[in-house]
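**Q** What follows is run-v5.txt, made up of compact mmCIF, N, CA and C atoms:
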```txt
# COMPACT_ATOMS: atom_id res chain seq x y z
N GLN A 44 8.53 -4.56 19.24
CA GLN A 44 7.90 -5.38 18.21
C GLN A 44 7.35 -4.47 17.11
N VAL A 45 7.76 -4.76 15.88
CA VAL A 45 7.32 -3.96 14.76
C VAL A 45 5.92 -4.40 14.34
N GLN A 46 5.05 -3.41 14.16
CA GLN A 46 3.69 -3.70 13.71
C GLN A 46 3.27 -2.72 12.63
N LEU A 47 2.56 -3.22 11.65
CA LEU A 47 1.89 -2.39 10.65
C LEU A 47 0.40 -2.69 10.79
N VAL A 48 -0.38 -1.65 10.99
CA VAL A 48 -1.81 -1.84 11.22
C VAL A 48 -2.60 -1.02 10.21
N GLU A 49 -3.32 -1.73 9.34
CA GLU A 49 -4.16 -1.06 8.35
C GLU A 49 -5.53 -0.73 8.93
N SER A 50 -6.13 0.30 8.39
CA SER A 50 -7.49 0.68 8.77
C SER A 50 -8.13 1.42 7.61
N GLY A 51 -9.45 1.57 7.71
CA GLY A 51 -10.16 2.36 6.71
C GLY A 51 -10.86 1.58 5.63
N GLY A 52 -10.72 0.28 5.64
CA GLY A 52 -11.41 -0.51 4.63
C GLY A 52 -12.92 -0.50 4.87
N GLY A 53 -13.66 -1.04 3.91
CA GLY A 53 -15.10 -1.10 4.06
C GLY A 53 -15.80 -1.40 2.76
N LEU A 54 -17.10 -1.16 2.77
CA LEU A 54 -17.94 -1.40 1.60
C LEU A 54 -18.25 -0.07 0.93
N VAL A 55 -18.07 -0.03 -0.39
CA VAL A 55 -18.32 1.20 -1.14
C VAL A 55 -18.93 0.82 -2.48
N GLN A 56 -19.74 1.70 -3.02
CA GLN A 56 -20.33 1.45 -4.33
C GLN A 56 -19.33 1.75 -5.44
N ALA A 57 -19.51 1.09 -6.56
CA ALA A 57 -18.66 1.36 -7.71
C ALA A 57 -18.70 2.84 -8.07
N GLY A 58 -17.54 3.38 -8.36
CA GLY A 58 -17.42 4.80 -8.64
C GLY A 58 -17.09 5.63 -7.43
N GLY A 59 -17.18 5.03 -6.25
CA GLY A 59 -16.92 5.75 -5.02
C GLY A 59 -15.45 5.82 -4.66
N SER A 60 -15.20 6.40 -3.50
CA SER A 60 -13.82 6.59 -3.03
C SER A 60 -13.67 6.04 -1.61
N LEU A 61 -12.44 5.74 -1.29
CA LEU A 61 -12.11 5.21 0.04
C LEU A 61 -10.64 5.48 0.29
N ARG A 62 -10.29 5.76 1.54
CA ARG A 62 -8.89 5.90 1.91
C ARG A 62 -8.54 4.88 2.98
N VAL A 63 -7.51 4.12 2.73
CA VAL A 63 -7.00 3.20 3.73
C VAL A 63 -5.66 3.73 4.26
N SER A 64 -5.42 3.44 5.52
CA SER A 64 -4.21 3.92 6.20
C SER A 64 -3.43 2.75 6.76
N CYS A 65 -2.15 2.98 6.98
CA CYS A 65 -1.29 1.97 7.57
C CYS A 65 -0.38 2.67 8.56
N ALA A 66 -0.58 2.39 9.82
CA ALA A 66 0.23 3.00 10.87
C ALA A 66 1.28 2.01 11.35
N ALA A 67 2.52 2.44 11.36
CA ALA A 67 3.62 1.59 11.79
C ALA A 67 4.02 1.93 13.21
N SER A 68 4.43 0.94 13.95
CA SER A 68 4.93 1.15 15.29
C SER A 68 6.09 0.19 15.54
N GLY A 69 6.89 0.49 16.54
CA GLY A 69 8.01 -0.38 16.89
C GLY A 69 9.33 0.05 16.28
N ARG A 70 9.28 0.77 15.18
CA ARG A 70 10.47 1.36 14.56
C ARG A 70 10.00 2.39 13.55
N SER A 71 10.91 3.26 13.16
CA SER A 71 10.60 4.25 12.15
C SER A 71 10.88 3.69 10.77
N PHE A 72 10.01 4.02 9.83
CA PHE A 72 10.22 3.64 8.43
C PHE A 72 10.47 4.87 7.56
N SER A 73 10.92 5.94 8.16
CA SER A 73 11.10 7.20 7.43
C SER A 73 12.21 7.12 6.38
N ASN A 74 13.02 6.09 6.42
CA ASN A 74 14.07 5.91 5.41
C ASN A 74 13.84 4.65 4.56
N ASN A 75 12.60 4.22 4.49
CA ASN A 75 12.27 2.98 3.80
C ASN A 75 11.09 3.15 2.85
N ALA A 76 11.17 2.45 1.73
CA ALA A 76 10.02 2.40 0.84
C ALA A 76 8.88 1.63 1.51
N MET A 77 7.66 2.06 1.20
CA MET A 77 6.49 1.35 1.72
C MET A 77 5.50 1.14 0.58
N GLY A 78 4.84 0.00 0.61
CA GLY A 78 3.96 -0.34 -0.50
C GLY A 78 2.61 -0.85 -0.05
N TRP A 79 1.72 -0.92 -1.02
CA TRP A 79 0.41 -1.53 -0.84
C TRP A 79 0.26 -2.68 -1.83
N PHE A 80 -0.26 -3.78 -1.35
CA PHE A 80 -0.60 -4.93 -2.17
C PHE A 80 -2.04 -5.30 -1.88
N ARG A 81 -2.60 -6.14 -2.74
CA ARG A 81 -3.96 -6.62 -2.49
C ARG A 81 -4.08 -8.07 -2.91
N GLN A 82 -5.05 -8.74 -2.31
CA GLN A 82 -5.28 -10.14 -2.63
C GLN A 82 -6.77 -10.40 -2.67
N ALA A 83 -7.25 -10.78 -3.84
CA ALA A 83 -8.65 -11.15 -4.02
C ALA A 83 -8.81 -12.65 -3.77
N PRO A 84 -10.01 -13.09 -3.46
CA PRO A 84 -10.22 -14.53 -3.20
C PRO A 84 -9.75 -15.39 -4.36
N GLY A 85 -8.95 -16.41 -4.04
CA GLY A 85 -8.48 -17.34 -5.05
C GLY A 85 -7.35 -16.82 -5.91
N LYS A 86 -6.83 -15.65 -5.59
CA LYS A 86 -5.74 -15.07 -6.39
C LYS A 86 -4.52 -14.80 -5.53
N GLY A 87 -3.41 -14.57 -6.20
CA GLY A 87 -2.18 -14.25 -5.50
C GLY A 87 -2.13 -12.80 -5.05
N ARG A 88 -1.13 -12.50 -4.25
CA ARG A 88 -0.97 -11.12 -3.77
C ARG A 88 -0.45 -10.25 -4.91
N GLU A 89 -1.13 -9.16 -5.17
CA GLU A 89 -0.88 -8.31 -6.32
C GLU A 89 -0.36 -6.95 -5.89
N PHE A 90 0.67 -6.47 -6.57
CA PHE A 90 1.21 -5.15 -6.32
C PHE A 90 0.20 -4.08 -6.69
N VAL A 91 0.09 -3.04 -5.83
CA VAL A 91 -0.80 -1.92 -6.10
C VAL A 91 0.00 -0.63 -6.28
N ALA A 92 0.81 -0.29 -5.27
CA ALA A 92 1.55 0.97 -5.31
C ALA A 92 2.69 0.93 -4.31
N VAL A 93 3.68 1.76 -4.56
CA VAL A 93 4.81 1.89 -3.64
C VAL A 93 5.25 3.34 -3.63
N ILE A 94 5.77 3.78 -2.49
CA ILE A 94 6.24 5.15 -2.34
C ILE A 94 7.64 5.12 -1.75
N ASN A 95 8.49 6.02 -2.21
CA ASN A 95 9.86 6.00 -1.72
C ASN A 95 9.94 6.64 -0.34
N TRP A 96 11.12 6.67 0.22
CA TRP A 96 11.31 7.01 1.62
C TRP A 96 10.82 8.40 1.99
N ASN A 97 10.95 9.38 1.09
CA ASN A 97 10.54 10.74 1.45
C ASN A 97 9.26 11.18 0.75
N GLY A 98 8.62 10.26 0.06
CA GLY A 98 7.37 10.59 -0.62
C GLY A 98 7.53 11.29 -1.94
N GLY A 99 8.76 11.43 -2.39
CA GLY A 99 9.01 12.16 -3.62
C GLY A 99 8.78 11.37 -4.90
N ASN A 100 8.74 10.06 -4.78
CA ASN A 100 8.52 9.22 -5.96
C ASN A 100 7.54 8.10 -5.65
N THR A 101 6.73 7.79 -6.63
CA THR A 101 5.73 6.73 -6.48
C THR A 101 5.70 5.85 -7.72
N ASN A 102 5.16 4.67 -7.55
CA ASN A 102 5.06 3.72 -8.65
C ASN A 102 3.74 2.97 -8.47
N TYR A 103 2.99 2.80 -9.56
CA TYR A 103 1.67 2.19 -9.47
C TYR A 103 1.51 1.05 -10.47
N ALA A 104 0.67 0.11 -10.10
CA ALA A 104 0.25 -0.91 -11.05
C ALA A 104 -0.60 -0.25 -12.13
N ASP A 105 -0.52 -0.75 -13.34
CA ASP A 105 -1.29 -0.17 -14.44
C ASP A 105 -2.79 -0.17 -14.15
N SER A 106 -3.23 -1.18 -13.42
CA SER A 106 -4.67 -1.33 -13.17
C SER A 106 -5.24 -0.23 -12.26
N VAL A 107 -4.37 0.46 -11.52
CA VAL A 107 -4.85 1.50 -10.60
C VAL A 107 -4.33 2.89 -10.94
N LYS A 108 -3.45 2.97 -11.90
CA LYS A 108 -2.84 4.25 -12.26
C LYS A 108 -3.91 5.25 -12.65
N GLY A 109 -3.82 6.45 -12.09
CA GLY A 109 -4.81 7.48 -12.38
C GLY A 109 -6.02 7.45 -11.47
N ARG A 110 -6.18 6.37 -10.71
CA ARG A 110 -7.32 6.26 -9.79
C ARG A 110 -6.89 6.23 -8.32
N PHE A 111 -5.74 5.64 -8.06
CA PHE A 111 -5.23 5.51 -6.69
C PHE A 111 -4.05 6.44 -6.48
N THR A 112 -3.91 6.92 -5.24
CA THR A 112 -2.78 7.77 -4.88
C THR A 112 -2.20 7.30 -3.56
N ILE A 113 -0.91 7.00 -3.57
CA ILE A 113 -0.22 6.62 -2.35
C ILE A 113 0.50 7.85 -1.80
N SER A 114 0.50 7.97 -0.48
CA SER A 114 1.19 9.09 0.17
C SER A 114 1.67 8.62 1.53
N ARG A 115 2.48 9.44 2.16
CA ARG A 115 2.99 9.07 3.48
C ARG A 115 3.20 10.31 4.33
N ASP A 116 3.16 10.10 5.63
CA ASP A 116 3.47 11.13 6.61
C ASP A 116 4.51 10.52 7.54
N ASN A 117 5.77 10.86 7.33
CA ASN A 117 6.83 10.26 8.13
C ASN A 117 6.76 10.70 9.59
N GLY A 118 6.22 11.86 9.84
CA GLY A 118 6.06 12.30 11.22
C GLY A 118 5.10 11.42 12.00
N LYS A 119 4.16 10.81 11.28
CA LYS A 119 3.20 9.91 11.91
C LYS A 119 3.52 8.44 11.63
N ASN A 120 4.61 8.21 10.89
CA ASN A 120 4.99 6.82 10.56
C ASN A 120 3.81 6.09 9.90
N THR A 121 3.15 6.78 8.98
CA THR A 121 1.91 6.28 8.38
C THR A 121 1.95 6.45 6.87
N VAL A 122 1.40 5.46 6.18
CA VAL A 122 1.26 5.53 4.73
C VAL A 122 -0.22 5.38 4.39
N TYR A 123 -0.63 6.05 3.33
CA TYR A 123 -2.04 6.08 2.95
C TYR A 123 -2.22 5.59 1.51
N LEU A 124 -3.41 5.12 1.24
CA LEU A 124 -3.79 4.81 -0.14
C LEU A 124 -5.17 5.39 -0.37
N GLN A 125 -5.22 6.45 -1.15
CA GLN A 125 -6.48 7.08 -1.52
C GLN A 125 -6.97 6.42 -2.81
N MET A 126 -8.17 5.85 -2.76
CA MET A 126 -8.71 5.13 -3.90
C MET A 126 -9.95 5.84 -4.41
N ALA A 127 -9.98 6.10 -5.70
CA ALA A 127 -11.11 6.78 -6.32
C ALA A 127 -11.57 5.98 -7.54
N SER A 128 -12.77 6.31 -8.02
CA SER A 128 -13.35 5.61 -9.17
C SER A 128 -13.24 4.10 -9.00
N LEU A 129 -13.62 3.64 -7.83
CA LEU A 129 -13.47 2.23 -7.51
C LEU A 129 -14.34 1.34 -8.38
N LYS A 130 -13.83 0.17 -8.69
CA LYS A 130 -14.50 -0.81 -9.52
C LYS A 130 -14.69 -2.10 -8.73
N PRO A 131 -15.67 -2.92 -9.10
CA PRO A 131 -15.85 -4.19 -8.39
C PRO A 131 -14.58 -5.05 -8.40
N GLU A 132 -13.80 -4.96 -9.45
CA GLU A 132 -12.56 -5.75 -9.51
C GLU A 132 -11.48 -5.25 -8.56
N ASP A 133 -11.71 -4.12 -7.89
CA ASP A 133 -10.78 -3.66 -6.85
C ASP A 133 -11.05 -4.35 -5.51
N THR A 134 -12.11 -5.13 -5.44
CA THR A 134 -12.44 -5.84 -4.20
C THR A 134 -11.33 -6.81 -3.83
N ALA A 135 -10.82 -6.65 -2.61
CA ALA A 135 -9.70 -7.48 -2.15
C ALA A 135 -9.38 -7.11 -0.71
N ILE A 136 -8.51 -7.90 -0.12
CA ILE A 136 -7.88 -7.50 1.14
C ILE A 136 -6.65 -6.68 0.77
N TYR A 137 -6.53 -5.52 1.36
CA TYR A 137 -5.41 -4.62 1.06
C TYR A 137 -4.40 -4.69 2.20
N TYR A 138 -3.16 -4.94 1.83
CA TYR A 138 -2.07 -5.07 2.80
C TYR A 138 -1.04 -3.96 2.58
N CYS A 139 -0.54 -3.40 3.66
CA CYS A 139 0.62 -2.53 3.51
C CYS A 139 1.88 -3.31 3.87
N ALA A 140 2.98 -2.85 3.34
CA ALA A 140 4.24 -3.55 3.53
C ALA A 140 5.37 -2.54 3.59
N ALA A 141 6.41 -2.88 4.35
CA ALA A 141 7.57 -2.01 4.49
C ALA A 141 8.84 -2.76 4.11
N ASP A 142 9.68 -2.06 3.39
CA ASP A 142 10.96 -2.60 2.95
C ASP A 142 12.03 -2.23 3.97
N SER A 143 12.87 -3.17 4.36
CA SER A 143 13.86 -2.86 5.39
C SER A 143 15.13 -2.23 4.83
N SER A 144 15.30 -2.22 3.48
CA SER A 144 16.52 -1.65 2.92
C SER A 144 16.48 -0.13 2.99
N PHE A 145 17.64 0.47 3.23
CA PHE A 145 17.75 1.91 3.43
C PHE A 145 17.53 2.65 2.11
N ARG A 146 16.45 3.45 2.05
CA ARG A 146 16.13 4.28 0.88
C ARG A 146 16.19 3.48 -0.42
N GLY A 147 15.56 2.33 -0.39
CA GLY A 147 15.57 1.44 -1.54
C GLY A 147 14.78 1.96 -2.72
N SER A 148 15.08 1.44 -3.89
CA SER A 148 14.38 1.80 -5.12
C SER A 148 12.92 1.39 -5.06
N ILE A 149 12.07 2.13 -5.77
CA ILE A 149 10.65 1.76 -5.84
C ILE A 149 10.33 1.11 -7.18
N TYR A 150 11.36 0.73 -7.91
CA TYR A 150 11.14 0.07 -9.18
C TYR A 150 11.67 -1.34 -9.11
N SER A 151 11.59 -2.06 -10.22
CA SER A 151 12.12 -3.42 -10.29
C SER A 151 11.50 -4.31 -9.21
N THR A 152 12.29 -4.77 -8.29
CA THR A 152 11.82 -5.74 -7.29
C THR A 152 10.81 -5.14 -6.32
N ALA A 153 10.63 -3.84 -6.31
CA ALA A 153 9.68 -3.22 -5.38
C ALA A 153 8.24 -3.60 -5.69
N THR A 154 7.99 -4.18 -6.86
CA THR A 154 6.63 -4.61 -7.20
C THR A 154 6.39 -6.07 -6.79
N SER A 155 7.39 -6.69 -6.20
CA SER A 155 7.25 -8.09 -5.76
C SER A 155 7.08 -8.17 -4.26
N PRO A 156 6.15 -9.02 -3.79
CA PRO A 156 5.96 -9.15 -2.34
C PRO A 156 7.23 -9.62 -1.62
N THR A 157 8.10 -10.33 -2.32
CA THR A 157 9.29 -10.88 -1.67
C THR A 157 10.29 -9.80 -1.27
N ARG A 158 10.11 -8.60 -1.77
CA ARG A 158 11.00 -7.49 -1.44
C ARG A 158 10.78 -6.98 -0.02
N TYR A 159 9.60 -7.21 0.52
CA TYR A 159 9.18 -6.56 1.76
C TYR A 159 9.34 -7.48 2.96
N ASN A 160 9.76 -6.88 4.05
CA ASN A 160 10.07 -7.64 5.25
C ASN A 160 8.98 -7.56 6.32
N TYR A 161 8.16 -6.52 6.23
CA TYR A 161 7.14 -6.31 7.25
C TYR A 161 5.79 -6.15 6.57
N TRP A 162 4.77 -6.78 7.16
CA TRP A 162 3.43 -6.78 6.59
C TRP A 162 2.38 -6.51 7.67
N GLY A 163 1.34 -5.82 7.24
CA GLY A 163 0.19 -5.68 8.11
C GLY A 163 -0.74 -6.87 7.98
N GLN A 164 -1.82 -6.83 8.73
CA GLN A 164 -2.77 -7.95 8.74
C GLN A 164 -3.81 -7.82 7.64
N GLY A 165 -3.90 -6.65 7.02
CA GLY A 165 -4.82 -6.45 5.91
C GLY A 165 -6.13 -5.81 6.33
N THR A 166 -6.74 -5.13 5.38
CA THR A 166 -8.06 -4.54 5.59
C THR A 166 -8.92 -4.82 4.35
N GLN A 167 -10.15 -5.23 4.57
CA GLN A 167 -11.02 -5.63 3.47
C GLN A 167 -11.64 -4.41 2.79
N VAL A 168 -11.53 -4.39 1.48
CA VAL A 168 -12.21 -3.38 0.67
C VAL A 168 -13.15 -4.12 -0.28
N THR A 169 -14.42 -3.78 -0.21
CA THR A 169 -15.43 -4.41 -1.06
C THR A 169 -16.14 -3.33 -1.87
N VAL A 170 -16.14 -3.52 -3.19
CA VAL A 170 -16.79 -2.56 -4.08
C VAL A 170 -17.98 -3.25 -4.72
N SER A 171 -19.15 -2.69 -4.46
CA SER A 171 -20.37 -3.30 -5.01
C SER A 171 -20.73 -2.65 -6.34
N SER A 172 -21.33 -3.45 -7.21
CA SER A 172 -21.68 -2.94 -8.54
C SER A 172 -23.07 -2.33 -8.56
```
Give the structure from the file, written as structure tokens.

**A**
Amino acid sequence: QVQLVESGGGLVQAGGSLRVSCAASGRSFSNNAMGWFRQAPGKGREFVAVINWNGGNTNYADSVKGRFTISRDNGKNTVYLQMASLKPEDTAIYYCAADSSFRGSIYSTATSPTRYNYWGQGTQVTVSS
């Protein structure tokens, strides 16, 4: 059974930093793009960042560019999202997602939730002002 399990969420003050992790089990995703999305109360699921299969390329939403960094460790089957200079508007449940296509592009449809076949349960990130 394939599982993605996020961890590391919590409460942080505006301007602070936080790192969330996503550990995959049940299969290897070392040849698959993996992404982070978020969903705030009353809003749709929003693209945050995506990383290609070997970590050599990344793509970010404009709202987080320069503040967030996505990375991965294929040996641990884990993807990370390092968040800095956090703002109250970053408050959301953060979900990781894995694409089942082999070494798929991280552009175009990679910013849409419909591209991804596997999802974690989410981790809450709350930024206080």

**Q** If we count only C-alpha atoms, what is near Asn120 (chain A) at a cut-off of 12 Å, once residues fewer than 4 positions away on the same chain are taken out, given as a PyMOL selection string?

**A** chain A and resi 45-48+64-77+96-97+114-116+141

**Q** From the list A:Val55, A:Leu129, A:Ile94, A:Ala135, which residue is nearest Asn117 (chain A) when using only C-alpha atoms?

**A**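 For Asn117 (chain A), the nearest of the given residues is A:Ile94.
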
**Q** Using all atoms listed in the file, which residue out of A:Val168, A:Met126, A:Ala83, A:Ala153 lies closest to Gly53 (chain A)?

**A**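 When distances to Gly53 (chain A) are compared using all atoms listed in the file, the smallest one comes from A:Val168.
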
**Q** Rank nothing, just name the residue among A:Ser143, A:Lys130, A:Ser60, A:Ile149 nearest to Ser171 (chain A), using all atoms listed in the file.

**A** A:Lys130

**Q** Could you tell me, as a PyMOL selection string, which residues of region 59-170 of chain A DSSP assigns to strand (DSSP E or B) when given the backbone?

**A** chain A and resi 61-68+77-82+89-94+101-103+111-116+121-126+135-141+161-162+166-170

**Q** From the options A:Ile113, A:Ala92, A:Leu61, A:Ile136, which residue's atoms come nearest to Gln167 (chain A), counting all atoms listed in the file?

**A**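 With all atoms listed in the file as the atom set, the closest residue is A:Ile136.
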
**Q** Around all of region 148-153 of chain A's listed atoms, make the axis-aligned box with 5 Å on each side and tell me centre and edge lengths in Å to one decimal, as JSON.

**A**
```
{"center_x": 11.7, "center_y": -1.8, "center_z": -7.1, "size_x": 16.8, "size_y": 17.9, "size_z": 16.4}
```

**Q** Quote the spacing between atom N of Thr112 (chain A) and atom C of Arg146 (chain A) in Å to one decimal place.

**A**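 Answer for the atom N of Thr112 (chain A) to atom C of Arg146 (chain A) separation: 21.0 Å.
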
**Q** Here is a test: counting only N, CA and C atoms, which residue of A:Tyr161, A:Ser148, A:Gly109, A:Val170 is nearest to Gly59 (chain A)?

**A**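 The answer is A:Val170, which sits nearest to Gly59 (chain A).
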
**Q** Measuring between only C-alpha atoms, which one of A:Gly118, A:Lys108, A:Thr169, A:Gly78 shows the shortest distance to Thr134 (chain A)?

**A**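 Answer, going by the shortest atom-to-atom distance: A:Thr169.
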
**Q** Run DSSP on the backbone and give me the residues of chain A it puts in helix (DSSP H, G or I), as a ChimeraX atom specification.

**A** /A:131-133,151-154,156-158

**Q** Quick check, in Å to one decimal: how far apart do atom C of Arg158 (chain A) and CA of Gly51 (chain A) lie?

**A**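 Those two atoms sit 23.9 Å apart.
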
**Q** Could you tell me how far CA of Thr166 (chain A) sits from atom C of Ser50 (chain A), in Å to one decimal place?

**A** 6.3 Å

**Q** Give me the residues near Cys139 (chain A) as a list in words, where near means some atom within 5 Å (using only N, CA and C atoms) and where sequence neighbours in that chain fewer than 4 positions away do not count.

**A** Gly78, Trp79, Trp162 and Gly163 of chain A

**Q** Taking only residues of region 138-165 of chain A that have an atom at most 8 Å from an atom of region 87-91 of chain A, what is each one's shortest atom pair and its distance in Å to one decimal, using only N, CA and C atoms, in chain and number order, as a Markdown table?

**A**
```
| residue | atom | partner | partner_atom | distance |
| --- | --- | --- | --- | --- |
| A:Ala153 | C | A:Phe90 | CA | 7.2 |
| A:Thr154 | C | A:Phe90 | CA | 5.3 |
| A:Ser155 | N | A:Phe90 | CA | 6.4 |
| A:Pro156 | N | A:Phe90 | N | 6.7 |
```
